[in-house]
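final.csv follows; it contains CSV, C-alpha atoms.
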chain,number,residue,atom,x,y,z
A,1,MET,CA,0.0,0.0,0.0
A,2,ILE,CA,3.0,2.4,0.2
A,3,GLY,CA,2.6,5.0,-2.4
A,4,ALA,CA,-1.0,4.3,-3.1
A,5,ALA,CA,-2.1,7.8,-2.2
A,6,ASP,CA,0.9,9.6,-3.5
A,7,GLY,CA,-1.1,11.4,-6.2
A,8,MET,CA,-3.8,12.5,-3.8
A,9,ALA,CA,-4.1,15.5,-1.5
A,10,LYS,CA,-2.2,14.8,1.7
A,11,ARG,CA,-4.3,13.3,4.4
A,12,ASP,CA,-3.1,13.1,8.0
A,13,ARG,CA,-5.9,11.7,10.1
A,14,ILE,CA,-5.4,8.3,11.8
A,15,VAL,CA,-8.4,6.0,12.5
A,16,VAL,CA,-8.0,3.6,15.4
A,17,PHE,CA,-10.5,1.0,16.2
A,18,GLY,CA,-10.6,-1.7,18.9
A,19,ASP,CA,-10.6,-2.4,22.6
A,20,VAL,CA,-11.6,0.0,25.5
A,21,ILE,CA,-10.8,-1.4,28.9
A,22,ASP,CA,-11.0,-0.5,32.6
A,23,ASP,CA,-7.6,-1.4,33.9
A,24,ILE,CA,-7.1,-2.3,37.6
A,25,VAL,CA,-3.4,-1.9,38.0
A,26,VAL,CA,-1.8,-3.7,41.0
A,27,VAL,CA,1.9,-3.1,41.9
A,28,PRO,CA,2.8,-5.2,44.9
A,29,GLU,CA,5.5,-3.8,47.2
A,30,HIS,CA,7.1,-7.2,47.4
A,31,ALA,CA,6.5,-10.8,46.2
A,32,VAL,CA,2.9,-11.8,46.4
A,33,ARG,CA,2.2,-14.0,49.4
A,34,PRO,CA,-0.5,-16.7,48.8
A,35,ASP,CA,-3.4,-17.0,51.2
A,36,THR,CA,-2.7,-13.7,53.0
A,37,ASP,CA,-2.3,-9.9,52.4
A,38,THR,CA,0.3,-8.3,50.2
A,39,VAL,CA,0.7,-4.5,50.5
A,40,SER,CA,0.2,-3.0,47.0
A,41,SER,CA,-0.5,0.1,45.1
A,42,ILE,CA,-3.9,-0.4,43.3
A,43,ARG,CA,-5.1,2.2,40.8
A,44,THR,CA,-8.0,2.2,38.3
A,45,ARG,CA,-7.1,3.5,34.9
A,46,ALA,CA,-8.8,3.7,31.5
A,47,GLY,CA,-7.1,1.4,29.2
A,48,GLY,CA,-7.3,-0.9,26.2
A,49,SER,CA,-4.5,-1.3,23.7
A,50,ALA,CA,-6.3,0.5,20.8
A,51,ALA,CA,-7.8,3.2,23.0
A,52,ASN,CA,-4.4,3.8,24.6
A,53,ALA,CA,-2.7,4.1,21.2
A,54,ALA,CA,-5.3,6.6,20.1
A,55,ALA,CA,-4.8,8.7,23.2
A,56,TRP,CA,-1.0,8.7,22.7
A,57,MET,CA,-1.4,9.7,19.0
A,58,SER,CA,-3.5,12.6,19.9
A,59,SER,CA,-1.2,13.8,22.6
A,60,LEU,CA,1.6,13.8,20.1
A,61,GLY,CA,-0.3,16.0,17.7
A,62,ALA,CA,-2.1,13.6,15.4
A,63,GLN,CA,-5.7,14.0,14.4
A,64,VAL,CA,-7.4,10.8,15.6
A,65,ASP,CA,-10.7,9.1,15.3
A,66,PHE,CA,-11.4,6.2,17.7
A,67,VAL,CA,-14.0,3.6,17.2
A,68,GLY,CA,-14.9,1.3,20.2
A,69,MET,CA,-17.6,-0.3,22.3
A,70,VAL,CA,-18.3,-0.2,26.0
A,71,GLY,CA,-21.0,-1.5,28.3
A,72,ALA,CA,-24.4,0.2,28.8
A,73,GLY,CA,-24.1,3.6,30.5
A,74,ASP,CA,-20.3,3.7,30.2
A,75,ALA,CA,-20.0,5.7,27.0
A,76,PRO,CA,-20.2,9.2,28.5
A,77,ARG,CA,-17.3,8.4,31.0
A,78,HIS,CA,-15.0,6.8,28.4
A,79,ALA,CA,-15.9,9.4,25.8
A,80,ALA,CA,-14.9,12.2,28.2
A,81,LEU,CA,-11.6,10.5,29.0
A,82,LEU,CA,-10.7,10.1,25.3
A,83,GLU,CA,-11.8,13.6,24.4
A,84,SER,CA,-9.7,14.9,27.3
A,85,CYS,CA,-6.7,13.6,25.3
A,86,GLY,CA,-7.9,15.3,22.1
A,87,VAL,CA,-9.4,12.1,20.5
A,88,THR,CA,-12.5,12.3,18.3
A,89,GLN,CA,-14.4,9.3,19.7
A,90,HIS,CA,-17.1,7.1,18.1
A,91,LEU,CA,-18.2,4.9,21.0
A,92,ALA,CA,-21.2,2.5,21.0
A,93,GLU,CA,-22.7,0.9,24.0
A,94,HIS,CA,-23.6,-2.8,24.2
A,95,PRO,CA,-27.0,-3.5,25.9
A,96,SER,CA,-25.9,-6.5,28.0
A,97,LEU,CA,-22.1,-7.0,27.9
A,98,PRO,CA,-20.0,-5.0,30.4
A,99,THR,CA,-17.1,-2.7,29.6
A,100,GLY,CA,-14.0,-4.9,29.3
A,101,THR,CA,-11.9,-5.1,32.4
A,102,ILE,CA,-8.3,-6.3,33.0
A,103,VAL,CA,-6.6,-6.8,36.4
A,104,VAL,CA,-2.9,-6.1,35.7
A,105,ILE,CA,-0.3,-7.3,38.2
A,106,VAL,CA,3.0,-5.5,37.7
A,107,ASP,CA,6.3,-7.1,38.8
A,108,GLY,CA,9.2,-4.9,37.7
A,109,GLU,CA,9.3,-5.1,33.9
A,110,THR,CA,6.8,-8.0,33.7
A,111,ARG,CA,3.1,-8.0,34.0
A,112,THR,CA,0.3,-10.6,34.5
A,113,MET,CA,-3.1,-9.8,33.0
A,114,LEU,CA,-6.4,-11.3,34.0
A,115,THR,CA,-8.8,-10.3,31.2
A,116,GLU,CA,-12.6,-10.0,30.7
A,117,THR,CA,-13.1,-8.9,27.1
A,118,GLY,CA,-16.7,-7.7,27.7
A,119,ALA,CA,-18.3,-5.5,25.1
A,120,ASN,CA,-15.1,-5.4,23.0
A,121,ALA,CA,-16.0,-8.9,21.7
A,122,ALA,CA,-19.1,-7.4,19.9
A,123,LEU,CA,-17.1,-4.7,18.0
A,124,THR,CA,-16.0,-5.5,14.4
A,125,ALA,CA,-14.1,-3.6,11.8
A,126,ASP,CA,-17.4,-3.0,10.0
A,127,SER,CA,-18.0,-0.2,12.5
A,128,VAL,CA,-15.3,1.9,10.8
A,129,THR,CA,-17.3,3.9,8.2
A,130,ASP,CA,-16.3,4.7,4.7
A,131,SER,CA,-16.4,8.4,5.5
A,132,MET,CA,-13.8,7.9,8.2
A,133,LEU,CA,-11.6,6.0,5.8
A,134,ASP,CA,-12.0,8.8,3.1
A,135,ALA,CA,-10.4,11.3,5.5
A,136,ALA,CA,-7.7,9.0,6.8
A,137,ALA,CA,-4.0,8.4,6.0
A,138,VAL,CA,-3.7,5.3,8.2
A,139,ILE,CA,-6.0,3.0,10.1
A,140,HIS,CA,-4.5,1.2,13.1
A,141,PHE,CA,-5.8,-1.8,15.1
A,142,THR,CA,-4.4,-4.6,17.3
A,143,GLY,CA,-4.8,-8.3,17.0
A,144,TYR,CA,-7.4,-8.1,19.8
A,145,SER,CA,-9.9,-6.8,17.2
A,146,LEU,CA,-9.8,-10.0,15.2
A,147,PHE,CA,-9.4,-12.7,17.8
A,148,GLY,CA,-12.4,-14.6,19.1
A,149,SER,CA,-14.6,-15.3,16.1
A,150,ARG,CA,-14.7,-15.9,12.3
A,151,ARG,CA,-17.0,-12.9,12.1
A,152,ARG,CA,-14.4,-10.5,13.5
A,153,ALA,CA,-11.7,-11.9,11.2
A,154,ASP,CA,-13.9,-11.6,8.1
A,155,ALA,CA,-14.7,-8.0,9.0
A,156,VAL,CA,-10.9,-7.2,9.2
A,157,ARG,CA,-10.4,-8.6,5.8
A,158,ARG,CA,-13.2,-6.4,4.4
A,159,LEU,CA,-11.6,-3.4,6.1
A,160,LEU,CA,-8.3,-4.1,4.4
A,161,VAL,CA,-10.1,-4.2,1.0
A,162,ARG,CA,-11.9,-0.9,1.7
A,163,ALA,CA,-8.8,0.8,2.9
A,164,ASP,CA,-6.8,-0.3,-0.1
A,165,ALA,CA,-9.4,1.0,-2.4
A,166,ARG,CA,-9.0,4.4,-0.8
A,167,GLY,CA,-5.3,4.5,-0.6
A,168,VAL,CA,-5.3,4.2,3.2
A,169,LYS,CA,-2.4,2.4,4.8
A,170,VAL,CA,-3.1,-0.2,7.4
A,171,SER,CA,-1.1,-0.7,10.7
A,172,VAL,CA,-1.3,-3.8,12.9
A,173,ASP,CA,0.0,-4.4,16.4
A,174,PRO,CA,-0.2,-8.2,16.8
A,175,GLY,CA,-1.2,-7.6,20.5
A,176,SER,CA,-0.8,-11.0,22.2
A,177,ALA,CA,1.4,-14.0,21.5
A,178,GLY,CA,-0.9,-16.1,23.6
A,179,PHE,CA,-4.0,-15.1,21.6
A,180,ILE,CA,-2.2,-15.5,18.3
A,181,THR,CA,-1.3,-19.1,19.3
A,182,ASP,CA,-5.0,-19.8,20.0
A,183,PHE,CA,-6.1,-18.1,16.8
A,184,GLY,CA,-3.4,-19.8,14.6
A,185,VAL,CA,-0.2,-18.1,13.3
A,186,GLU,CA,-0.9,-18.7,9.6
A,187,HIS,CA,-4.6,-17.6,10.1
A,188,PHE,CA,-3.4,-14.4,11.7
A,189,LEU,CA,-0.9,-13.7,8.9
A,190,ASP,CA,-3.4,-14.4,6.2
A,191,THR,CA,-6.0,-12.2,7.9
A,192,VAL,CA,-3.8,-9.1,8.1
A,193,ASP,CA,-2.1,-9.7,4.7
A,194,GLY,CA,-2.0,-6.4,2.8
A,195,ALA,CA,-1.2,-4.3,5.9
A,196,THR,CA,1.7,-1.8,5.4
A,197,PHE,CA,2.9,-1.6,9.0
A,198,LEU,CA,3.5,-4.4,11.5
A,199,PHE,CA,4.6,-3.7,15.1
A,200,PRO,CA,5.4,-7.0,16.9
A,201,ASN,CA,7.5,-7.4,20.0
A,202,LEU,CA,10.2,-10.0,20.1
A,203,GLY,CA,8.0,-12.8,21.5
A,204,GLU,CA,5.4,-12.1,18.8
A,205,GLY,CA,8.0,-11.9,16.1
A,206,ARG,CA,9.5,-15.3,17.1
A,207,LEU,CA,6.0,-16.8,17.1
A,208,LEU,CA,5.1,-15.4,13.7
A,209,THR,CA,8.3,-16.5,12.0
A,210,GLY,CA,9.6,-19.5,13.9
A,211,LEU,CA,13.0,-17.7,14.0
A,212,ASP,CA,15.0,-16.6,17.0
A,213,ASP,CA,17.5,-13.9,15.9
A,214,PRO,CA,15.9,-10.4,15.9
A,215,THR,CA,17.5,-9.3,12.7
A,216,ALA,CA,16.3,-12.4,10.9
A,217,ILE,CA,12.8,-12.0,12.3
A,218,ALA,CA,12.5,-8.4,11.1
A,219,LEU,CA,13.8,-9.1,7.6
A,220,SER,CA,11.6,-12.2,7.3
A,221,LEU,CA,8.4,-10.2,8.3
A,222,ALA,CA,9.4,-7.4,5.9
A,223,GLN,CA,9.1,-9.9,3.0
A,224,ARG,CA,5.3,-9.9,3.8
A,225,PHE,CA,4.8,-6.4,5.3
A,226,PRO,CA,6.5,-3.3,3.7
A,227,VAL,CA,7.4,-1.7,7.1
A,228,VAL,CA,8.2,-3.7,10.2
A,229,ALA,CA,9.2,-2.3,13.6
A,230,LEU,CA,10.3,-5.1,15.9
A,231,THR,CA,10.4,-3.8,19.5
A,232,LEU,CA,13.1,-5.3,21.8
A,233,ASP,CA,12.3,-3.6,25.1
A,234,THR,CA,15.6,-2.1,26.5
A,235,ASP,CA,17.5,-3.2,23.4
A,236,GLY,CA,15.5,-0.7,21.3
A,237,VAL,CA,13.8,-1.3,18.0
A,238,LEU,CA,14.8,-2.9,14.6
A,239,VAL,CA,13.1,-1.2,11.7
A,240,ALA,CA,13.0,-3.2,8.4
A,241,VAL,CA,11.7,-1.8,5.1
A,242,ARG,CA,11.1,-4.2,2.2
A,243,GLY,CA,13.8,-3.6,-0.5
A,244,GLU,CA,15.6,-0.9,1.5
A,245,GLY,CA,17.2,-2.6,4.5
A,246,ILE,CA,17.2,-2.5,8.3
A,247,GLU,CA,18.2,-0.1,11.0
A,248,ARG,CA,18.4,-0.3,14.8
A,249,ILE,CA,17.1,2.5,17.0
A,250,ASP,CA,18.5,2.5,20.5
A,251,ALA,CA,16.2,2.6,23.5
A,252,THR,CA,15.8,5.7,25.6
A,253,PRO,CA,17.2,5.1,29.2
A,254,VAL,CA,14.3,5.5,31.7
A,255,THR,CA,13.3,4.3,35.1
A,256,ILE,CA,10.5,1.9,34.5
A,257,VAL,CA,7.5,2.5,36.8
A,258,ASP,CA,4.8,0.5,34.8
A,259,PRO,CA,5.4,-1.2,31.5
A,260,ILE,CA,1.7,-1.0,30.6
A,261,GLY,CA,1.1,0.8,27.3
A,262,ALA,CA,4.7,0.9,26.1
A,263,GLY,CA,3.9,-0.9,22.8
A,264,ASP,CA,0.8,1.2,22.3
A,265,ALA,CA,2.8,4.4,22.8
A,266,PHE,CA,5.5,3.2,20.5
A,267,ALA,CA,3.0,2.5,17.7
A,268,ALA,CA,1.4,5.9,18.4
A,269,GLY,CA,4.6,7.8,18.2
A,270,PHE,CA,5.7,6.0,15.1
A,271,LEU,CA,2.4,6.7,13.2
A,272,ALA,CA,2.0,10.3,14.4
A,273,ALA,CA,5.5,11.0,13.1
A,274,TRP,CA,5.0,9.0,9.9
A,275,VAL,CA,1.9,11.0,8.7
A,276,ALA,CA,3.8,14.2,9.4
A,277,SER,CA,7.1,13.1,7.8
A,278,ASP,CA,8.6,14.2,4.5
A,279,GLU,CA,11.8,12.1,4.6
A,280,ALA,CA,13.1,11.3,1.2
A,281,THR,CA,13.3,7.5,1.5
A,282,LEU,CA,11.1,5.0,3.2
A,283,LEU,CA,13.8,3.6,5.4
A,284,ALA,CA,14.8,7.1,6.6
A,285,ARG,CA,11.1,7.9,7.2
A,286,ALA,CA,10.6,4.7,9.1
A,287,ALA,CA,13.8,5.1,11.2
A,288,ALA,CA,12.8,8.7,12.1
A,289,SER,CA,9.3,7.5,13.0
A,290,ALA,CA,10.7,4.7,15.1
A,291,SER,CA,12.8,7.2,17.1
A,292,LYS,CA,9.6,9.2,17.9
A,293,GLY,CA,8.0,5.9,18.9
A,294,VAL,CA,10.8,5.0,21.2
A,295,ALA,CA,10.6,8.4,22.9
A,296,ALA,CA,6.8,7.9,23.4
A,297,GLY,CA,7.3,4.4,24.8
A,298,ALA,CA,9.8,5.8,27.3
A,299,LEU,CA,7.2,8.3,28.5
A,300,ALA,CA,4.6,5.5,28.9
A,301,VAL,CA,6.8,3.3,31.1
A,302,ALA,CA,7.6,6.2,33.4
A,303,THR,CA,4.1,6.5,34.7
A,304,ILE,CA,1.3,4.3,36.0
A,305,GLY,CA,-1.3,3.4,33.5
A,306,GLY,CA,-1.4,3.0,29.7
A,307,ARG,CA,-2.3,6.6,28.6
A,308,PRO,CA,-0.7,10.0,28.7
A,309,HIS,CA,-1.7,12.3,31.5
A,310,SER,CA,-4.3,14.7,30.1
Go through the file and emit its structure as structure tokens.
Amino acid sequence: MIGAADGMAKRDRIVVFGDVIDDIVVVPEHAVRPDTDTVSSIRTRAGGSAANAAAWMSSLGAQVDFVGMVGAGDAPRHAALLESCGVTQHLAEHPSLPTGTIVVIVDGETRTMLTETGANAALTADSVTDSMLDAAAVIHFTGYSLFGSRRRADAVRRLLVRADARGVKVSVDPGSAGFITDFGVEHFLDTVDGATFLFPNLGEGRLLTGLDDPTAIALSLAQRFPVVALTLDTDGVLVAVRGEGIERIDATPVTIVDPIGAGDAFAAGFLAAWVASDEATLLARAAASASKGVAAGALAVATIGGRPHS
């Protein structure tokens, strides 16, 4: 899809669709003790990988439309939270399913997540309207938006066709190695085939390719997706562009308070920079965008919760 809209007037809106979550973030002061109390910091935060990414994009200056679904009565609260970040929201309410909820237990740089998908399971890519696509440069979603049913995967395929017809680039964050395993690796790759951008972490990259070496993973995925940014936590990011090569972007040194939302912030920083960029080559544009993504990721891990402070 790279270059599909080169002859058109420049568009810079980003459409994001996907999960909206109420996060309950638990940071124990020491190792969790079974069958008794463990003193912890417990905070409730608005979350969801896609909603987090939209909030970060808007905070970084991008014009963002977000499409999501919450439980009955929750739309005003979540709409206000997204709008406080500058996001144009398009939230629907499900009449019976609750807003999705995740209990996140943070232990240093690792996290354990207990997930109830809730109303997110009823959202499909068909909720993204043609009028939204007509104004967009990029549409971004995570794997969470296609896992769970054939209906959701089929809607993603239709979205890619609609986006391609309008010259809109598609960006995918795989989201969860565990859910990809359940969904099927080849099924996942076939469903998102045609996307321009892929933002896997190292574990997801290993699962998607069957390879171990990060450079080999990035180059392998770039044979299928034109721009790949493989995130490597404290080792930075490898950016591979089909036909142009690969570059490493170093991580930004930062004290990690909470790793939640780092990947979402990276994707947000990358795409916000990409739509504003005028770099001469795709590799230079991707490397510069990845640098902005790394900076955004560093901001995310320095605070509790997955979104920027509004």
Next item on the list: May I ask for the distance between CA of Thr281 in chain A and CA of Leu219 in chain A, given in Å to one decimal place?
Entry: 17.7 Å
Item checked: Residues within 7 Å of range 201-209 of chain A, all atoms listed in the file, excluding chain neighbours under 4 positions, as a ChimeraX atom specification -> /A:177,185,217,230-232
Item checked: Residue neighbourhood range 49-59 of chain A, 6 Å, only C-alpha atoms, exclusion window fewer than 6 positions, as a list in words ->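 Selected residues are Gly18, Asp19, Val20, Cys85, Gly86, Val87, Asp264, Ala265, Ala268, Ala272, Gly306 and Arg307 of chain A.
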Dump as an mmCIF file, in the coordinates of the input, selection limited to C-alpha atoms:
data_model
loop_
_atom_site.group_PDB
_atom_site.id
_atom_site.type_symbol
_atom_site.label_atom_id
_atom_site.label_comp_id
_atom_site.auth_asym_id
_atom_site.auth_seq_id
_atom_site.Cartn_x
_atom_site.Cartn_y
_atom_site.Cartn_z
ATOM 1 C CA GLY A 18 -10.600 -1.700 18.900
ATOM 2 C CA ASP A 19 -10.600 -2.400 22.600
ATOM 3 C CA VAL A 20 -11.600 0.000 25.500
ATOM 4 C CA CYS A 85 -6.700 13.600 25.300
ATOM 5 C CA GLY A 86 -7.900 15.300 22.100
ATOM 6 C CA VAL A 87 -9.400 12.100 20.500
ATOM 7 C CA ASP A 264 0.800 1.200 22.300
ATOM 8 C CA ALA A 265 2.800 4.400 22.800
ATOM 9 C CA ALA A 268 1.400 5.900 18.400
ATOM 10 C CA ALA A 272 2.000 10.300 14.400
ATOM 11 C CA GLY A 306 -1.400 3.000 29.700
ATOM 12 C CA ARG A 307 -2.300 6.600 28.600
#
Next item on the list: Please measure the separation of CA of Ile102 in chain A and CA of Gln89 in chain A, giving the value in Å to one decimal.
Entry: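 Answer for the CA of Ile102 in chain A to CA of Gln89 in chain A separation: 21.4 Å.
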Margin query: Quick check, in Å to one decimal: how far apart do CA of Ala31 in chain A and CA of Gly178 in chain A lie?
Written below: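 Result for CA of Ala31 in chain A versus CA of Gly178 in chain A: 24.4 Å, one decimal.
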May I have a table of the residues of range 192-278 of chain A lying at most 10 Å from range 116-139 of chain A, giving each one's closest pair of atoms and their distance in Å to one decimal, counting only C-alpha atoms, ordered by chain and ascending residue number, as a tab-separated table?
residue	atom	partner	partner_atom	distance
A:Ala195	CA	A:Ile139	CA	9.7
A:Thr196	CA	A:Val138	CA	9.3
A:Phe197	CA	A:Val138	CA	9.6
A:Leu271	CA	A:Val138	CA	8.0
A:Ala272	CA	A:Val138	CA	9.8
A:Trp274	CA	A:Val138	CA	9.6
A:Val275	CA	A:Ala137	CA	7.0
Export of prior selection with C-alpha atoms as an mmCIF file, in the frame of the given file:
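After the write, out01.cif holds the following:
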data_model
loop_
_atom_site.group_PDB
_atom_site.id
_atom_site.type_symbol
_atom_site.label_atom_id
_atom_site.label_comp_id
_atom_site.auth_asym_id
_atom_site.auth_seq_id
_atom_site.Cartn_x
_atom_site.Cartn_y
_atom_site.Cartn_z
ATOM 1 C CA ALA A 195 -1.200 -4.300 5.900
ATOM 2 C CA THR A 196 1.700 -1.800 5.400
ATOM 3 C CA PHE A 197 2.900 -1.600 9.000
ATOM 4 C CA LEU A 271 2.400 6.700 13.200
ATOM 5 C CA ALA A 272 2.000 10.300 14.400
ATOM 6 C CA TRP A 274 5.000 9.000 9.900
ATOM 7 C CA VAL A 275 1.900 11.000 8.700
#
Next item on the list: Between A:Glu83, A:Ser40, A:Ile260, A:Arg11, single out the one closest to Asp23 in chain A, counting all atoms listed in the file.
Entry: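 Of A:Glu83, A:Ser40, A:Ile260, A:Arg11, the one nearest Asp23 in chain A is A:Ile260, counting all atoms listed in the file.
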Margin query: Nearest residue to Thr303 in chain A out of A:Ala276, A:Val16, A:Val25, A:Val156, using only C-alpha atoms?
Written below: A:Val25
Notebook entry, point to check: Can you find the residues with an atom no farther than 12 Å from (6.2, 13.7, 9.2), counting all atoms listed in the file, and report them as a PyMOL selection string?
Noted result: chain A and resi 10-12+60-62+137+269-280+282+284-290+292
Check: Which residue, A:Val27, A:Ala218, A:Thr115, A:Phe17, has the smallest gap to Leu91 in chain A when you use only C-alpha atoms?
Finding: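 Among the listed residues, A:Phe17 lies closest to Leu91 in chain A.
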Check: Smallest atom-to-atom distance to Gly194 in chain A: which of A:Val168, A:Val301, A:Ile246, A:Val15, using all atoms listed in the file?
Finding: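 Ranked by minimum distance to Gly194 in chain A, first place goes to A:Val168.
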Checklist line | Proximity to Ile180 in chain A - best of A:Leu159, A:Met69, A:Val294, A:Leu146, only C-alpha atoms | finding: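 Ranking A:Leu159, A:Met69, A:Val294, A:Leu146 by distance to Ile180 in chain A, first place goes to A:Leu146.
Proximity of A:Asp74, A:Glu29, A:Asp235, A:Asp193 to Leu221 in chain A, computed with all atoms listed in the file, is greatest for A:Asp193.
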Please list, as a tab-separated table (two decimals) with C-alpha atoms, in the coordinates of the input, the residues that have an atom at most 10 Å away from (-4.6, -5.4, 33.1) in the coordinates of this file, counting all atoms listed in the file.
chain	number	residue	atom	x	y	z
A	21	ILE	CA	-10.80	-1.40	28.90
A	22	ASP	CA	-11.00	-0.50	32.60
A	23	ASP	CA	-7.60	-1.40	33.90
A	24	ILE	CA	-7.10	-2.30	37.60
A	25	VAL	CA	-3.40	-1.90	38.00
A	26	VAL	CA	-1.80	-3.70	41.00
A	44	THR	CA	-8.00	2.20	38.30
A	45	ARG	CA	-7.10	3.50	34.90
A	47	GLY	CA	-7.10	1.40	29.20
A	48	GLY	CA	-7.30	-0.90	26.20
A	101	THR	CA	-11.90	-5.10	32.40
A	102	ILE	CA	-8.30	-6.30	33.00
A	103	VAL	CA	-6.60	-6.80	36.40
A	104	VAL	CA	-2.90	-6.10	35.70
A	105	ILE	CA	-0.30	-7.30	38.20
A	106	VAL	CA	3.00	-5.50	37.70
A	111	ARG	CA	3.10	-8.00	34.00
A	112	THR	CA	0.30	-10.60	34.50
A	113	MET	CA	-3.10	-9.80	33.00
A	114	LEU	CA	-6.40	-11.30	34.00
A	115	THR	CA	-8.80	-10.30	31.20
A	116	GLU	CA	-12.60	-10.00	30.70
A	260	ILE	CA	1.70	-1.00	30.60
A	305	GLY	CA	-1.30	3.40	33.50
A	306	GLY	CA	-1.40	3.00	29.70
Any chance you could build range 146-162 of chain A out to N, CA and C atoms and write it as a short mmCIF file (atom, residue, chain, number, x, y, z; two decimals), in the frame of the given file?
data_model
loop_
_atom_site.label_atom_id
_atom_site.label_comp_id
_atom_site.auth_asym_id
_atom_site.auth_seq_id
_atom_site.Cartn_x
_atom_site.Cartn_y
_atom_site.Cartn_z
N LEU A 146 -9.43 -8.95 16.07
CA LEU A 146 -9.80 -10.00 15.20
C LEU A 146 -9.89 -11.38 15.87
N PHE A 147 -9.32 -11.48 17.06
CA PHE A 147 -9.40 -12.70 17.80
C PHE A 147 -10.82 -13.00 18.28
N GLY A 148 -11.16 -14.25 18.40
CA GLY A 148 -12.40 -14.60 19.10
C GLY A 148 -13.49 -15.18 18.20
N SER A 149 -13.56 -14.77 16.92
CA SER A 149 -14.60 -15.30 16.10
C SER A 149 -14.28 -15.14 14.61
N ARG A 150 -14.85 -15.99 13.79
CA ARG A 150 -14.70 -15.90 12.30
C ARG A 150 -15.29 -14.57 11.84
N ARG A 151 -16.38 -14.14 12.46
CA ARG A 151 -17.00 -12.90 12.10
C ARG A 151 -16.11 -11.71 12.17
N ARG A 152 -15.35 -11.64 13.25
CA ARG A 152 -14.40 -10.50 13.50
C ARG A 152 -13.29 -10.54 12.46
N ALA A 153 -12.75 -11.74 12.20
CA ALA A 153 -11.70 -11.90 11.20
C ALA A 153 -12.13 -11.48 9.83
N ASP A 154 -13.33 -11.92 9.46
CA ASP A 154 -13.90 -11.60 8.10
C ASP A 154 -14.06 -10.08 7.99
N ALA A 155 -14.48 -9.41 9.07
CA ALA A 155 -14.70 -8.00 9.00
C ALA A 155 -13.34 -7.24 8.83
N VAL A 156 -12.27 -7.76 9.43
CA VAL A 156 -10.90 -7.20 9.20
C VAL A 156 -10.52 -7.32 7.77
N ARG A 157 -10.78 -8.47 7.17
CA ARG A 157 -10.40 -8.60 5.80
C ARG A 157 -11.19 -7.63 4.90
N ARG A 158 -12.47 -7.43 5.18
CA ARG A 158 -13.20 -6.40 4.40
C ARG A 158 -12.67 -5.04 4.61
N LEU A 159 -12.22 -4.74 5.83
CA LEU A 159 -11.60 -3.40 6.10
C LEU A 159 -10.38 -3.20 5.26
N LEU A 160 -9.52 -4.21 5.18
CA LEU A 160 -8.30 -4.10 4.40
C LEU A 160 -8.62 -3.79 2.93
N VAL A 161 -9.65 -4.43 2.41
CA VAL A 161 -10.10 -4.20 1.00
C VAL A 161 -10.57 -2.76 0.87
N ARG A 162 -11.41 -2.30 1.80
CA ARG A 162 -11.90 -0.90 1.70
C ARG A 162 -10.83 0.10 1.85
#
